[in-house]
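Undergrad: Sharing a structure, written as structure tokens. Questions coming.
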Amino acid sequence: MQTRAPITQDVLTIPRKEDPSDKINLVGLSREDLRAVLIENGTPEKQAKMRAGQIWQWIYQWGVRDFTQMTNLGKAYRDELDAKFEARIPEVVSKQVSEDGTRKYLVRINGGHEVEVVYIPEEGRGTLCISSQVGCTLTCSFCHTGTQKLVRNLTAGEIVGQVMMARDDLDEWPEKGARKPDVRLLSNIVLMGMGEPLYNFENVRDAMKIVMDGDGIALGRRRITLSTSGVVPEIHRTAKEIGCLLAVSFHATTDETRDMLVPINKRWNIEALLDALRDYPKVSNSERITFEYVMLKDVNDSDEDAYRLIKLLDGIPSKVNLIPFNEWPGAPYKRSSNNRIHAFAKILLAAGYASPIRTPRGEDIMAACGQLKSATERERKSRKQIEAEAGK
């Protein structure tokens with residue numbers, strides 16, 4: 001019998017200011033829940049499905065969150081909506097722009113907590129890296145985000161709200177009657193920000209269903225990549241209930257090394273993880289799984305590691321993203337040399353595995369892979385100091 005992945009108990013709850021609004025936030029509700037909440041608040045049941053569809057399009061297709069501007073609704077009904085509801089998304093606290101065009105946003109969510117979101121522009125596409133938790137439970141030893149304790153899961157509204165926030169900043173909401181652009185500025189989403197998405201499965205799933213909805217943001221499932229460190233019980237659910245592309249933070253070819261780098265391996269080891277991955281492309285109809293492999297000097301970058309990786313991936317449609325380690329203050333590892341990374345890639349390529357070497361982006365603003373950590377938490381030195389600041 002398949003068990004649910006537990007949320008670990010390593011959770012640090014920090015009291016924050018309460019949300020001052022008493023209005024019901026519609027962002028993040030499913031179509032069914034949106035219809036239900038409209039009925040509960042006075043919309044006639046016979047009209048509710050149509051009204052929900054109209055509001056859905058305004059919010060997610062056109063980016064309009066002011067009910068008074070939803071012009072295909074009657075003025076009296078718009079006033080009713082405005083009195084009872086809101087369409088609130090995370091608030092941008094700060095934005096940094098890297099020399100390479102990468103944008104890093106610090107955004108504030110309900111309760112005053114903060115997460116980071118990164119937009120990476122490339123030729124012909126733009127990728128938004130979004131967060132699923134405040135902090136992270138996994139404590140991967142090479143990852144700066146993992147040094148911040150988990151505070152809480154994000155809601156579906158807070159997850160999809162990051163996408164909406166970025167579209168606001170990019171000024172990319174379409175206008176009615178205007179020709180659709182050939183290339184979208186925000187064309188891809190990766191769930192590779194703060195947190196482990198599969199420890200917040202339901203909220204991630206519900207947010208991605210909104211993102212994929214054809215009457216809304218309308219990004220296809222192959223434009224979405226979910227990255228997991230290996231929460232085995234939820235991998236099959238991801239294939240069936242989301243169907244997006246999957247990336248796995250792999251990073252090692254032996255359990256001994258992976259136990260050190262990715263401690264979740266002690267619960268679900270390499271063999272258990274690979275067994276769960278073998279059916280994923282068939283169930284989700286995705287092309288292949290991406291294995292993320294951060295290159296750490298003298299830790300996991302030998303020729304022997306490359307050959308072991310080839311054997312482990314046998315039978316799994318896959319590619320390997322080689323990630324030069326993005327160093328951060330106090331990091332216990334060093335980046336592998338360029339020569340070593342290219343030698344590793346050459347071995348994989350000779351065995352038939354695509355092995356692109358990721359170009360670090362946004363390093364000058366601490367926006368690169370593994371560097372995210374909300375600014376207020378980055379400054380904190382200890383649990384004792386956190387408690388003092390919280391007034392305990």
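By convention here, the chains of the structure tokens are called A, B, ... in the order presented, each chain's residues are numbered starting at 1, and ligands are numbered starting at 1 in the order presented.
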Could you give me, as a PyMOL selection string, the residues within 9 Å of segment 215-225 of chain A, counting only C-alpha atoms and dropping anything in the same chain fewer than 3 positions from it?
TA: chain A and resi 53+56-63+163-164+187-192+208-212+242-247+286
Undergrad: List as an MDAnalysis selection string the protein and nucleic acid residues near Gln96 of chain A, meaning an atom at most 9 Å away when only C-alpha atoms are counted, but skip any in the same chain fewer than 2 places from it.
TA: chainID A and resid 94 98 102:106 365
Undergrad: Atom CA of His342 of chain A to atom CA of Leu128 of chain A: how many Å, to one decimal?
TA: 27.1 Å
Undergrad: Write out as a PyMOL selection string each polymer residue whose atoms come within 10 Å of Lys297 of chain A, counting only C-alpha atoms; drop sequence neighbours fewer than 5 positions from it.
TA: chain A and resi 302+324-325+333-337+340-341
Undergrad: Tell me, in Å to one decimal, how far atom CA of Arg258 of chain A is from atom CA of Tyr280 of chain A.
TA: 21.7 Å
